[in-house]
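*Asks:* Please find upload.cif (mmCIF, C-alpha atoms) on the next line:
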data_work
#
loop_
_atom_site.label_atom_id
_atom_site.label_comp_id
_atom_site.auth_asym_id
_atom_site.auth_seq_id
_atom_site.Cartn_x
_atom_site.Cartn_y
_atom_site.Cartn_z
CA MET A 690 33.57 21.51 -16.78
CA LYS A 691 32.63 20.56 -13.23
CA GLN A 692 31.62 16.91 -12.97
CA SER A 693 28.30 16.15 -11.31
CA LYS A 694 28.30 14.01 -8.18
CA PHE A 695 25.22 12.21 -9.47
CA LEU A 696 24.84 9.75 -12.34
CA ASN A 697 24.04 11.17 -15.77
CA LEU A 698 21.73 9.34 -18.20
CA LYS A 699 24.54 7.30 -19.79
CA GLU A 700 25.94 6.23 -16.43
CA PHE A 701 22.46 5.54 -15.06
CA VAL A 702 21.73 3.17 -17.96
CA LEU A 703 25.13 1.49 -17.57
CA VAL A 704 24.58 0.90 -13.86
CA LEU A 705 21.11 -0.47 -14.62
CA VAL A 706 22.29 -2.95 -17.25
CA LEU A 707 25.29 -4.07 -15.19
CA SER A 708 22.96 -4.54 -12.21
CA CYS A 709 20.66 -6.65 -14.41
CA ALA A 710 23.69 -8.74 -15.44
CA ILE A 711 24.75 -9.13 -11.80
CA THR A 712 21.23 -10.26 -10.89
CA ALA A 713 21.12 -12.72 -13.80
CA ILE A 714 24.50 -14.19 -12.81
CA GLY A 715 23.31 -14.45 -9.20
CA ILE A 716 20.27 -16.48 -10.33
CA VAL A 717 22.10 -18.65 -12.89
CA VAL A 718 24.88 -19.57 -10.44
CA ALA A 719 22.28 -20.97 -8.00
CA MET A 720 20.63 -23.28 -10.55
CA PRO A 721 23.13 -26.20 -10.64
CA PHE A 722 23.11 -26.29 -6.82
CA ALA A 723 19.33 -26.09 -6.34
CA PHE A 724 19.16 -29.72 -5.21
CA SER A 725 21.54 -29.25 -2.29
CA MET A 726 20.45 -27.14 0.63
CA GLN A 727 23.99 -27.01 2.05
CA LEU A 728 25.61 -25.81 -1.18
CA LEU A 729 22.84 -23.26 -1.73
CA TYR A 730 23.47 -21.86 1.71
CA PHE A 731 27.23 -22.09 2.08
CA LEU A 732 28.60 -21.82 -1.45
CA VAL A 733 26.21 -20.14 -3.89
CA PRO A 734 26.13 -16.57 -2.43
CA GLY A 735 29.93 -16.49 -2.29
CA LEU A 736 30.24 -17.95 -5.77
CA ALA A 737 27.91 -15.25 -7.10
CA GLY A 738 30.01 -12.65 -5.28
CA LEU A 739 33.17 -14.14 -6.79
CA LEU A 740 31.91 -13.89 -10.38
CA ASN A 741 30.09 -10.60 -9.92
CA GLY A 742 33.20 -9.00 -8.41
CA ILE A 743 34.42 -8.46 -11.98
CA LEU A 744 31.25 -6.60 -12.99
CA TYR A 745 31.16 -4.67 -9.72
CA VAL A 746 34.72 -3.38 -10.16
CA LEU A 747 33.93 -2.36 -13.76
CA MET A 748 30.80 -0.57 -12.56
CA ILE A 749 32.45 1.45 -9.79
CA HIS A 750 35.33 2.45 -12.04
CA LYS A 751 33.01 3.63 -14.81
CA CYS A 752 30.38 5.24 -12.57
CA PRO A 753 31.92 6.32 -9.24
CA LYS A 754 28.97 8.53 -8.32
CA ILE A 755 25.99 8.83 -5.99
CA GLY A 756 23.29 6.36 -7.04
CA THR A 757 25.50 3.50 -8.17
CA GLN A 758 25.45 1.71 -4.83
CA LEU A 759 21.69 2.15 -4.43
CA ILE A 760 20.65 0.80 -7.84
CA MET A 761 22.48 -2.53 -7.68
CA PRO A 762 20.84 -3.91 -4.48
CA LEU A 763 17.52 -2.40 -5.57
CA ILE A 764 17.51 -4.35 -8.85
CA TYR A 765 18.69 -7.52 -7.11
CA GLY A 766 16.02 -7.04 -4.44
CA LEU A 767 13.34 -6.69 -7.13
CA TYR A 768 14.03 -10.27 -8.16
CA PHE A 769 13.18 -11.34 -4.60
CA LEU A 770 10.11 -9.07 -4.57
CA PHE A 771 8.72 -10.70 -7.73
CA SER A 772 9.33 -14.08 -6.10
CA GLY A 773 7.22 -12.94 -3.16
CA SER A 774 9.95 -12.16 -0.62
CA VAL A 775 8.97 -8.65 0.41
CA TYR A 776 11.20 -8.66 3.51
CA VAL A 777 14.29 -9.48 1.48
CA PHE A 778 13.47 -6.66 -0.95
CA VAL A 779 13.17 -4.21 1.95
CA PHE A 780 16.50 -5.40 3.36
CA PHE A 781 18.18 -4.87 -0.02
CA VAL A 782 16.73 -1.34 -0.24
CA ILE A 783 18.15 -0.59 3.22
CA LEU A 784 21.47 -2.12 2.14
CA GLY A 785 21.50 0.18 -0.91
CA ILE A 786 21.10 3.24 1.31
CA VAL A 787 23.78 2.00 3.73
CA ASN A 788 26.15 1.31 0.82
CA GLU A 789 25.58 4.82 -0.54
CA LEU A 790 26.47 6.27 2.87
CA ILE A 791 29.58 4.09 3.07
CA MET A 792 30.73 5.26 -0.37
CA LEU A 793 30.10 8.99 0.11
CA ASN A 794 33.44 10.45 -1.05
CA GLY A 795 34.80 6.90 -0.85
CA TYR A 796 35.45 6.06 -4.49
CA GLY A 797 39.14 5.54 -5.13
CA HIS A 798 39.75 3.92 -1.74
CA LYS A 799 40.44 0.29 -2.63
CA ILE A 800 39.38 -1.30 0.66
CA ARG A 801 36.36 0.91 1.24
CA GLN A 802 35.10 0.17 -2.28
CA ALA A 803 35.06 -3.56 -1.49
CA VAL A 804 32.75 -3.14 1.52
CA PRO A 805 29.43 -2.64 -0.37
CA HIS A 806 30.18 -5.65 -2.58
CA VAL A 807 30.91 -7.86 0.43
CA LEU A 808 27.81 -6.62 2.30
CA MET A 809 25.64 -7.32 -0.75
CA TRP A 810 26.60 -11.00 -0.99
CA VAL A 811 26.64 -11.49 2.77
CA LEU A 812 23.04 -10.27 2.87
CA ASN A 813 22.27 -12.50 -0.10
CA SER A 814 23.42 -15.51 1.89
CA MET A 815 20.75 -14.64 4.46
CA GLY A 816 18.07 -14.13 1.75
CA SER A 817 17.10 -17.80 1.63
CA THR A 818 16.69 -17.88 5.39
CA LEU A 819 14.35 -14.90 5.32
CA THR A 820 12.37 -16.42 2.41
CA LEU A 821 12.05 -19.67 4.32
CA LEU A 822 10.70 -17.88 7.39
CA LEU A 823 8.25 -15.87 5.26
CA PHE A 824 6.77 -18.97 3.58
CA ARG A 825 6.90 -21.26 6.63
CA ASP A 826 3.10 -21.58 6.91
CA SER A 827 2.78 -22.32 3.18
CA MET A 828 5.30 -25.12 3.46
CA VAL A 829 3.60 -26.75 6.45
CA GLN A 830 0.23 -26.46 4.69
CA THR A 831 1.58 -27.99 1.46
CA TYR A 832 3.23 -30.88 3.30
CA MET A 833 -0.09 -31.57 5.00
CA ASP A 834 -2.10 -31.19 1.77
CA MET A 835 0.22 -33.72 0.14
CA GLY A 836 -0.32 -36.43 2.73
CA MET A 837 1.83 -35.64 5.76
CA ASP A 838 0.29 -35.36 9.19
CA ALA A 839 0.59 -32.02 11.02
CA ALA A 840 3.24 -33.26 13.47
CA SER A 841 5.50 -34.67 10.72
CA ALA A 842 5.10 -31.53 8.59
CA ASP A 843 6.02 -29.34 11.52
CA ALA A 844 8.95 -31.60 12.40
CA ALA A 845 10.25 -31.41 8.80
CA ILE A 846 10.15 -27.61 8.85
CA ALA A 847 11.69 -27.56 12.32
CA ALA A 848 14.57 -29.69 10.96
CA VAL A 849 15.14 -27.19 8.13
CA GLU A 850 15.01 -24.28 10.55
CA GLY A 851 17.37 -26.12 12.86
CA PHE A 852 19.90 -26.34 10.07
CA TRP A 853 19.26 -22.90 8.58
CA LEU A 854 19.15 -20.95 11.82
CA ALA A 855 21.91 -22.78 13.72
CA PRO A 856 24.54 -20.18 14.78
CA GLN A 857 27.38 -22.27 13.29
CA SER A 858 25.52 -22.54 9.94
CA ILE A 859 24.85 -18.78 9.86
CA ALA A 860 28.50 -18.07 10.72
CA LEU A 861 29.79 -20.45 8.04
CA ALA A 862 27.45 -18.98 5.41
CA LEU A 863 28.47 -15.41 6.29
CA VAL A 864 32.21 -16.18 6.33
CA SER A 865 32.03 -18.13 3.07
CA ALA A 866 30.11 -15.33 1.33
CA ALA A 867 32.48 -12.67 2.69
CA VAL A 868 35.70 -14.52 1.75
CA LEU A 869 34.55 -15.41 -1.77
CA SER A 870 33.19 -11.92 -2.50
CA ILE A 871 36.47 -10.36 -1.32
CA ALA A 872 38.23 -12.77 -3.71
CA GLY A 873 35.77 -11.64 -6.41
CA TYR A 874 36.62 -8.00 -5.80
CA ALA A 875 40.35 -8.79 -5.97
CA LEU A 876 39.75 -10.75 -9.18
CA GLY A 877 37.83 -7.77 -10.60
CA GLU A 878 40.74 -5.43 -9.79
CA LYS A 879 43.11 -7.86 -11.56
CA MET A 880 40.84 -8.09 -14.61
CA LEU A 881 40.62 -4.30 -14.67
CA GLY A 882 44.35 -4.03 -15.31
CA LYS A 883 44.55 -7.11 -17.50
CA HIS A 884 41.54 -6.58 -19.80
CA PHE A 885 39.34 -3.54 -19.18
CA LYS A 886 42.01 -0.83 -19.16
CA PRO A 887 43.87 -2.16 -22.25
CA ALA A 888 40.49 -2.46 -24.04
CA GLY A 889 39.72 1.18 -23.22
CA ALA A 890 36.57 0.25 -21.32
CA VAL A 891 37.56 2.33 -18.26
CA MET B 1033 -2.61 19.44 -26.62
CA MET B 1034 -3.85 17.01 -29.22
CA GLU B 1035 -4.35 13.40 -28.21
CA PRO B 1036 -1.58 11.39 -29.83
CA THR B 1037 -2.70 9.24 -32.70
CA GLY B 1038 -1.05 6.11 -33.91
CA PRO B 1039 -1.50 2.39 -34.10
CA LYS B 1040 -4.13 0.79 -31.89
CA GLY B 1041 -2.69 0.38 -28.42
CA THR B 1042 -2.35 -2.86 -26.51
CA THR B 1043 -5.58 -4.05 -24.97
CA VAL B 1044 -4.37 -3.75 -21.37
CA ASP B 1045 -2.85 -0.65 -19.79
CA PRO B 1046 0.71 -1.19 -18.43
CA ARG B 1047 -0.53 0.07 -15.03
CA THR B 1048 -3.00 -2.83 -14.91
CA TRP B 1049 -0.16 -5.34 -15.37
CA MET B 1050 1.62 -3.63 -12.48
CA ILE B 1051 -1.50 -3.84 -10.28
CA LEU B 1052 -1.91 -7.52 -11.20
CA CYS B 1053 1.75 -8.17 -10.49
CA PHE B 1054 1.64 -6.58 -7.03
CA THR B 1055 -1.70 -8.25 -6.22
CA GLY B 1056 -0.06 -11.53 -7.23
CA ILE B 1057 2.81 -10.89 -4.82
CA ALA B 1058 0.37 -10.09 -1.99
CA ALA B 1059 -1.65 -13.20 -2.84
CA ILE B 1060 1.26 -15.66 -2.80
CA ILE B 1061 2.37 -14.32 0.59
CA GLY B 1062 -1.11 -14.37 2.11
CA ILE B 1063 -2.49 -17.64 0.71
CA HIS B 1064 -0.97 -20.80 2.14
CA SER B 1065 -3.10 -23.81 1.20
CA GLU B 1066 -2.54 -25.98 -1.88
CA ILE B 1067 -6.11 -25.49 -3.06
CA GLY B 1068 -5.86 -21.73 -2.51
CA CYS B 1069 -2.66 -21.60 -4.59
CA LEU B 1070 -4.35 -23.68 -7.28
CA PHE B 1071 -7.26 -21.21 -7.42
CA LEU B 1072 -4.72 -18.37 -7.66
CA PHE B 1073 -3.03 -20.09 -10.57
CA VAL B 1074 -6.40 -20.67 -12.30
CA TRP B 1075 -7.28 -16.99 -11.81
CA CYS B 1076 -3.88 -16.01 -13.24
CA MET B 1077 -4.44 -18.20 -16.31
CA LEU B 1078 -7.96 -16.78 -16.79
CA VAL B 1079 -6.52 -13.26 -16.77
CA HIS B 1080 -4.05 -14.31 -19.48
CA LEU B 1081 -6.85 -15.96 -21.45
CA PHE B 1082 -9.16 -12.93 -21.36
CA THR B 1083 -6.42 -10.42 -22.16
CA GLY B 1084 -5.32 -12.10 -25.36
CA LYS B 1085 -2.18 -13.65 -23.84
CA ALA B 1086 -3.36 -17.24 -24.13
CA GLY B 1087 -0.26 -18.29 -26.11
CA LYS B 1088 1.78 -19.02 -23.03
CA ILE B 1089 -0.92 -20.74 -20.96
CA MET B 1090 0.19 -24.22 -22.02
CA ALA B 1091 3.81 -23.48 -21.03
CA TYR B 1092 2.70 -22.13 -17.62
CA LEU B 1093 0.47 -25.17 -17.14
CA ILE B 1094 3.31 -27.61 -17.91
CA PHE B 1095 5.63 -25.63 -15.60
CA TYR B 1096 3.03 -25.70 -12.80
CA LEU B 1097 2.37 -29.42 -13.22
CA ALA B 1098 6.10 -30.23 -13.32
CA LEU B 1099 6.68 -28.23 -10.13
CA SER B 1100 3.68 -29.90 -8.49
CA GLY B 1101 5.30 -33.25 -9.34
CA ILE B 1102 8.61 -32.08 -7.86
CA THR B 1103 6.81 -30.91 -4.68
CA TRP B 1104 4.97 -34.20 -4.41
CA ALA B 1105 8.22 -36.18 -4.87
CA GLY B 1106 9.94 -33.92 -2.33
CA VAL B 1107 7.22 -34.43 0.28
CA GLY B 1108 7.46 -38.19 -0.36
CA LEU B 1109 11.20 -38.12 0.32
CA LEU B 1110 10.66 -36.10 3.50
CA GLN B 1111 9.15 -39.13 5.23
CA ASN B 1112 12.48 -40.97 5.14
CA ASP B 1113 15.37 -39.74 7.30
CA ALA B 1114 17.99 -40.70 4.68
CA THR B 1115 16.37 -38.65 1.91
CA MET B 1116 15.00 -35.85 4.04
CA VAL B 1117 17.51 -33.19 2.92
CA LEU B 1118 16.82 -33.85 -0.77
CA GLY B 1119 13.09 -33.91 -0.01
CA ILE B 1120 13.27 -30.48 1.62
CA ALA B 1121 15.22 -29.03 -1.33
CA LEU B 1122 12.76 -30.47 -3.88
CA SER B 1123 9.63 -29.47 -1.98
CA ASN B 1124 10.95 -25.93 -1.40
CA MET B 1125 11.75 -25.61 -5.10
CA GLY B 1126 8.27 -26.77 -6.02
CA ILE B 1127 6.44 -24.59 -3.50
CA LEU B 1128 8.37 -21.38 -4.18
CA GLY B 1129 8.50 -21.94 -7.96
CA ARG B 1130 4.75 -22.40 -8.25
CA LYS B 1131 4.16 -19.28 -6.18
CA ALA B 1132 6.62 -17.17 -8.17
CA VAL B 1133 5.08 -18.06 -11.52
CA ILE B 1134 2.00 -15.92 -10.74
CA PRO B 1135 3.62 -12.45 -10.36
CA LEU B 1136 6.34 -13.33 -12.89
CA SER B 1137 3.76 -14.17 -15.57
CA PHE B 1138 2.26 -10.68 -15.14
CA ALA B 1139 5.76 -9.13 -15.12
CA SER B 1140 6.45 -10.86 -18.44
CA CYS B 1141 3.29 -9.25 -19.91
CA LEU B 1142 4.49 -5.86 -18.61
CA ALA B 1143 7.86 -6.48 -20.28
CA LYS B 1144 6.13 -6.90 -23.64
CA GLU B 1145 4.52 -3.45 -23.51
CA PRO B 1146 6.09 -0.91 -25.90
CA THR B 1147 8.70 1.26 -24.15
CA GLY B 1148 6.87 4.49 -24.98
CA SER B 1149 3.56 3.23 -23.56
CA LEU B 1150 5.32 1.98 -20.45
CA MET B 1151 7.08 5.28 -19.80
CA ALA B 1152 3.94 7.30 -20.50
CA ALA B 1153 1.90 5.08 -18.16
CA LEU B 1154 4.48 5.42 -15.39
CA GLY B 1155 4.59 9.17 -16.01
CA ARG B 1156 0.83 9.35 -15.46
CA MET B 1157 1.36 7.67 -12.10
CA ARG B 1158 3.44 10.75 -11.21
CA LEU B 1159 6.56 8.61 -10.88
CA PRO B 1160 9.92 10.25 -11.66
CA LYS B 1161 11.21 9.76 -15.21
CA ALA B 1162 14.19 7.80 -13.84
CA VAL B 1163 11.77 5.11 -12.61
CA GLY B 1164 10.29 4.79 -16.10
CA ILE B 1165 13.76 4.51 -17.65
CA ALA B 1166 14.80 1.94 -15.06
CA VAL B 1167 11.70 -0.22 -15.55
CA ALA B 1168 11.94 -0.03 -19.35
CA VAL B 1169 15.66 -0.86 -19.43
CA MET B 1170 15.31 -3.65 -16.88
CA LEU B 1171 12.41 -5.39 -18.59
CA ARG B 1172 14.08 -5.17 -22.01
CA PHE B 1173 17.62 -6.02 -21.01
CA PHE B 1174 17.24 -9.58 -19.64
CA PRO B 1175 16.42 -11.15 -23.07
CA THR B 1176 19.24 -9.10 -24.65
CA LEU B 1177 21.65 -10.41 -22.04
CA GLY B 1178 20.73 -13.99 -22.97
CA GLU B 1179 21.32 -13.28 -26.67
CA GLU B 1180 24.71 -11.67 -25.98
CA TYR B 1181 25.74 -14.61 -23.80
CA ARG B 1182 24.79 -17.14 -26.49
CA ALA B 1183 26.66 -15.16 -29.17
CA ILE B 1184 29.81 -15.06 -27.01
CA ARG B 1185 29.52 -18.77 -26.17
CA ASN B 1186 29.22 -19.66 -29.85
CA SER B 1187 32.20 -17.54 -30.87
CA GLN B 1188 34.32 -18.95 -28.00
CA ARG B 1189 33.48 -22.52 -29.00
CA PHE B 1190 35.25 -21.89 -32.31
CA ARG B 1191 38.36 -21.20 -30.23
CA GLY B 1192 37.86 -24.41 -28.24
CA ILE B 1193 36.72 -22.63 -25.07
CA GLY B 1194 33.82 -24.10 -23.08
CA VAL B 1195 33.34 -27.10 -25.39
CA GLY B 1196 31.36 -29.66 -23.39
CA ILE B 1197 30.77 -29.96 -19.66
CA LEU B 1198 34.04 -31.83 -18.93
CA HIS B 1199 36.20 -29.28 -20.77
CA THR B 1200 34.37 -26.39 -19.08
CA LEU B 1201 34.84 -27.92 -15.62
CA THR B 1202 38.53 -28.75 -16.14
CA HIS B 1203 39.25 -25.24 -17.48
CA LEU B 1204 36.74 -23.38 -15.31
CA PRO B 1205 38.78 -20.23 -14.45
CA SER B 1206 39.87 -19.56 -18.05
CA THR B 1207 36.38 -20.39 -19.41
CA ILE B 1208 34.81 -17.91 -16.99
CA GLU B 1209 37.40 -15.26 -17.86
CA TYR B 1210 36.98 -15.67 -21.61
CA ILE B 1211 33.20 -15.53 -21.38
CA LEU B 1212 32.62 -13.03 -18.58
CA ILE B 1213 35.07 -10.38 -19.81
CA PRO B 1214 33.66 -10.15 -23.38
CA LEU B 1215 30.17 -10.18 -21.84
CA ALA B 1216 31.05 -7.26 -19.57
CA LEU B 1217 32.56 -5.32 -22.48
CA ARG B 1218 29.51 -6.05 -24.64
CA ILE B 1219 27.20 -4.89 -21.82
CA THR B 1220 28.99 -1.53 -21.67
CA LYS B 1221 28.51 -1.14 -25.44
CA VAL B 1222 24.80 -2.03 -25.19
CA ALA B 1223 24.43 0.51 -22.37
CA GLU B 1224 26.05 3.20 -24.51
CA GLU B 1225 23.76 2.38 -27.43
CA LEU B 1226 20.70 2.42 -25.17
CA SER B 1227 21.58 5.77 -23.62
CA ALA B 1228 22.30 7.23 -27.08
CA SER B 1229 18.92 5.98 -28.27
CA MET B 1230 17.23 7.55 -25.23
CA THR B 1231 19.08 10.82 -25.71
CA VAL B 1232 17.93 11.22 -29.33
CA ARG B 1233 14.36 10.45 -28.23
CA GLY B 1234 14.58 13.38 -25.85
CA VAL B 1235 14.20 11.40 -22.64
CA ARG B 1236 16.72 13.62 -20.82
CA PHE B 1237 14.53 16.71 -21.30
CA SER B 1238 12.00 17.63 -18.67
CA GLY B 1239 8.35 17.64 -19.65
CA LYS B 1240 5.50 15.22 -19.98
CA THR B 1241 6.15 11.94 -21.78
CA ILE B 1242 3.43 11.05 -24.25
CA SER B 1243 3.10 7.81 -26.12
CA TYR B 1244 2.68 7.19 -29.85
CA ARG B 1245 0.20 4.52 -28.83
CA PRO B 1246 -2.85 5.57 -26.80
CA VAL B 1247 -2.42 4.88 -23.07
CA ARG B 1248 -5.76 4.77 -21.27
CA PHE B 1249 -6.96 3.11 -18.10
CA THR B 1250 -10.25 1.83 -19.51
CA ALA B 1251 -13.24 0.11 -17.94
CA LYS B 1252 -11.66 -3.21 -18.90
CA ASP B 1253 -8.57 -2.30 -16.88
CA GLY B 1254 -10.74 -1.29 -13.95
CA ILE B 1255 -12.59 -4.61 -14.08
CA LEU B 1256 -9.31 -6.55 -14.25
CA ALA B 1257 -7.88 -4.67 -11.26
CA LEU B 1258 -11.10 -5.08 -9.25
CA THR B 1259 -11.30 -8.77 -10.11
CA ALA B 1260 -7.72 -9.24 -8.94
CA LEU B 1261 -8.37 -7.55 -5.60
CA SER B 1262 -11.69 -9.40 -5.17
CA ALA B 1263 -10.05 -12.76 -5.96
CA LEU B 1264 -7.34 -12.07 -3.40
CA LEU B 1265 -9.78 -11.00 -0.68
CA LEU B 1266 -12.18 -13.87 -1.40
CA LEU B 1267 -9.42 -16.50 -1.26
CA LEU B 1268 -8.05 -15.00 1.96
CA PHE B 1269 -11.54 -14.95 3.48
CA LEU B 1270 -12.23 -18.56 2.45
CA GLU B 1271 -8.85 -19.75 3.70
CA ARG B 1272 -9.01 -17.91 7.03
CA GLY B 1273 -12.59 -19.14 7.46
CA GLY B 1274 -11.40 -22.73 7.12
CA ILE B 1275 -13.42 -23.33 3.94
CA LEU B 1276 -10.34 -23.91 1.73
#
Mind turning the file's structure into structure tokens?

*Replies:*
Amino acid sequence: MKQSKFLNLKEFVLVLVLSCAITAIGIVVAMPFAFSMQLLYFLVPGLAGLLNGILYVLMIHKCPKIGTQLIMPLIYGLYFLFSGSVYVFVFFVILGIVNELIMLNGYGHKIRQAVPHVLMWVLNSMGSTLTLLLFRDSMVQTYMDMGMDAASADAAIAAVEGFWLAPQSIALALVSAAVLSIAGYALGEKMLGKHFKPAGAV
Amino acid sequence: MMEPTGPKGTTVDPRTWMILCFTGIAAIIGIHSEIGCLFLFVWCMLVHLFTGKAGKIMAYLIFYLALSGITWAGVGLLQNDATMVLGIALSNMGILGRKAVIPLSFASCLAKEPTGSLMAALGRMRLPKAVGIAVAVMLRFFPTLGEEYRAIRNSQRFRGIGVGILHTLTHLPSTIEYILIPLALRITKVAEELSASMTVRGVRFSGKTISYRPVRFTAKDGILALTALSALLLLLFLERGGIL
């Protein structure tokens, strides 16, 4: 029987639940580092990419079809939407479409398959920056409502922006996320041969 | 076609929870002042109170107060150059956390709606069936994931894996491998069970989805939706007018 290029119900549900797991891991990984702005920016997105590489590899080997690459960023973006970051959600939707285009007839190519995973966590490293810019006015207002004068509140936010938007910080965050998510993909490929294939999961 | 009969439906239509959720998102983006956010939170709690979801109000209140404390401490630390970075992290956590609680509290109510009602309600919004399946699976799966994780952690502890923070940190790669791999395998099983359950319920067939429970957008839903939009517009007006 000719295989469909699109996900069937079983594959659709599998991609959904794996995407939920990827989102949950992405959130849980950030929690121990929530007190450090530097670690949140430079380490957490890559760490999430490292761990989620295993689930990503399992997902693309079980469901190498049109729709897989769209669903994962969409579900992850929904988490940002419910936290109020509409821009980040829109960027993840665009990323999903781009990833689908990248993977058109691309499943089975080891390097090409890694690209959507890397792009996902690289964009995630920029998510906090976008959220910060979206809620800038709220932060200034809260600082002022809690006793700071307008100049100090603005200076505090300017200091954060200075760190967050500095070209060297952006470059370090992007490189860190890319390197660790590539390592995650490689780890996933290793786990595929070591565990998933012997267990009959793929 | 006969109107489906069955047990008395939930008091609020799933579509109303969605409207409240999206209004909440718009509100937390648009409203910036502390007092405006406090009014938003009060409105959110009143919605929970009047829709029979008062059980969680105390938990939300404690969460909100704790985050307010964290924000206050963070802003205090901002004044000192040595503690500024920690102050920024704490204040950001407090500000964003308190904002997120509003839409997330409505999303949690949506998650508690029966799957059939949810899918029927989404079907009436002319959304594709895949959207209904996705929303139902997503809202149900997060608690399941937590249960699966705890079960795996408990069984691995018997084998001496992940016992205590020190042991976990010193054996981090193997701990992750022995927890993440069984979790991934378990997730694939859960997905298979879910899709089998959906298949026998006839979800894959085309046609209108109807619910065992009545799904109706009643006057109460209309009032809730209108109140939400009015609260948002009023707070925006008051804030932009410099009254708040």

*Asks:* Counting only C-alpha atoms, what is within 9 Å of Ala1216 of chain B, bar same-chain residues fewer than 3 positions away, as an NGL selection string?

*Replies:* (:A and (707 or 710 or 743-744 or 747)) or (:B and (1211-1213 or 1219-1221))

*Asks:* Hey, which of A:Val804, A:Leu819, A:Leu863, A:Ala713 ends up closest to Leu732 of chain A? Count all atoms listed in the file.

*Replies:* A:Leu863

*Asks:* On this file, the PyMOL selection byres ((chain B) within 7 of (chain A)) gives some set of residues; write that set as a PDB file with C-alpha atoms, keeping the file's coordinate frame.

*Replies:*
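Below is the file that was written, result-v6.pdb:
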ATOM      1  CA  ILE B1057       2.810 -10.890  -4.820  1.00  0.00           C
ATOM      2  CA  ILE B1060       1.260 -15.660  -2.800  1.00  0.00           C
ATOM      3  CA  ILE B1061       2.370 -14.320   0.590  1.00  0.00           C
ATOM      4  CA  HIS B1064      -0.970 -20.800   2.140  1.00  0.00           C
ATOM      5  CA  SER B1065      -3.100 -23.810   1.200  1.00  0.00           C
ATOM      6  CA  GLU B1066      -2.540 -25.980  -1.880  1.00  0.00           C
ATOM      7  CA  TRP B1104       4.970 -34.200  -4.410  1.00  0.00           C
ATOM      8  CA  VAL B1107       7.220 -34.430   0.280  1.00  0.00           C
ATOM      9  CA  LEU B1118      16.820 -33.850  -0.770  1.00  0.00           C
ATOM     10  CA  ALA B1121      15.220 -29.030  -1.330  1.00  0.00           C
ATOM     11  CA  LEU B1122      12.760 -30.470  -3.880  1.00  0.00           C
ATOM     12  CA  ALA B1132       6.620 -17.170  -8.170  1.00  0.00           C
ATOM     13  CA  PRO B1135       3.620 -12.450 -10.360  1.00  0.00           C
ATOM     14  CA  LEU B1136       6.340 -13.330 -12.890  1.00  0.00           C
ATOM     15  CA  ALA B1166      14.800   1.940 -15.060  1.00  0.00           C
ATOM     16  CA  MET B1170      15.310  -3.650 -16.880  1.00  0.00           C
ATOM     17  CA  PHE B1173      17.620  -6.020 -21.010  1.00  0.00           C
ATOM     18  CA  PHE B1174      17.240  -9.580 -19.640  1.00  0.00           C
ATOM     19  CA  ALA B1216      31.050  -7.260 -19.570  1.00  0.00           C
ATOM     20  CA  LEU B1217      32.560  -5.320 -22.480  1.00  0.00           C
ATOM     21  CA  ILE B1219      27.200  -4.890 -21.820  1.00  0.00           C
ATOM     22  CA  THR B1220      28.990  -1.530 -21.670  1.00  0.00           C
ATOM     23  CA  ALA B1223      24.430   0.510 -22.370  1.00  0.00           C
ATOM     24  CA  GLU B1224      26.050   3.200 -24.510  1.00  0.00           C
ATOM     25  CA  SER B1227      21.580   5.770 -23.620  1.00  0.00           C
TER      26      SER B1227
END

*Asks:* Choose the residue, out of A:Val746, A:Ile714, A:Ala847, A:Leu759, that has the smallest atom-to-atom separation from Gln802 of chain A; count only C-alpha atoms.

*Replies:*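 Closest to Gln802 of chain A of all the choices is A:Val746.
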
*Asks:* Pick out the residues sitting within 10 Å of Gly873 of chain A, and hand them over as an NGL selection string; count only C-alpha atoms, and ignore anything fewer than 3 positions along from it in its own chain.

*Replies:* :A and (735-746 or 803 or 806-807 or 867-870 or 876-879)

*Asks:* Between A:Ala719, A:Gly766, A:Thr818, A:Ala840, which has the minimum distance to Phe780 of chain A (counting all atoms listed in the file)?

*Replies:*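 Between A:Ala719, A:Gly766, A:Thr818, A:Ala840, the residue approaching Phe780 of chain A most closely is A:Gly766.
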
*Asks:* Quick one: apply the PyMOL selection byres ((chain B and resi 1100) around 12) to the file and drop the selected residues here as a tab-separated table (two decimals) with C-alpha atoms, in the frame of the given file.

*Replies:*
chain	number	residue	atom	x	y	z
A	831	THR	CA	1.58	-27.99	1.46
A	832	TYR	CA	3.23	-30.88	3.30
A	834	ASP	CA	-2.10	-31.19	1.77
A	835	MET	CA	0.22	-33.72	0.14
B	1066	GLU	CA	-2.54	-25.98	-1.88
B	1069	CYS	CA	-2.66	-21.60	-4.59
B	1070	LEU	CA	-4.35	-23.68	-7.28
B	1093	LEU	CA	0.47	-25.17	-17.14
B	1094	ILE	CA	3.31	-27.61	-17.91
B	1095	PHE	CA	5.63	-25.63	-15.60
B	1096	TYR	CA	3.03	-25.70	-12.80
B	1097	LEU	CA	2.37	-29.42	-13.22
B	1098	ALA	CA	6.10	-30.23	-13.32
B	1099	LEU	CA	6.68	-28.23	-10.13
B	1101	GLY	CA	5.30	-33.25	-9.34
B	1102	ILE	CA	8.61	-32.08	-7.86
B	1103	THR	CA	6.81	-30.91	-4.68
B	1104	TRP	CA	4.97	-34.20	-4.41
B	1105	ALA	CA	8.22	-36.18	-4.87
B	1106	GLY	CA	9.94	-33.92	-2.33
B	1107	VAL	CA	7.22	-34.43	0.28
B	1122	LEU	CA	12.76	-30.47	-3.88
B	1123	SER	CA	9.63	-29.47	-1.98
B	1124	ASN	CA	10.95	-25.93	-1.40
B	1125	MET	CA	11.75	-25.61	-5.10
B	1126	GLY	CA	8.27	-26.77	-6.02
B	1127	ILE	CA	6.44	-24.59	-3.50
B	1128	LEU	CA	8.37	-21.38	-4.18
B	1129	GLY	CA	8.50	-21.94	-7.96
B	1130	ARG	CA	4.75	-22.40	-8.25
B	1131	LYS	CA	4.16	-19.28	-6.18
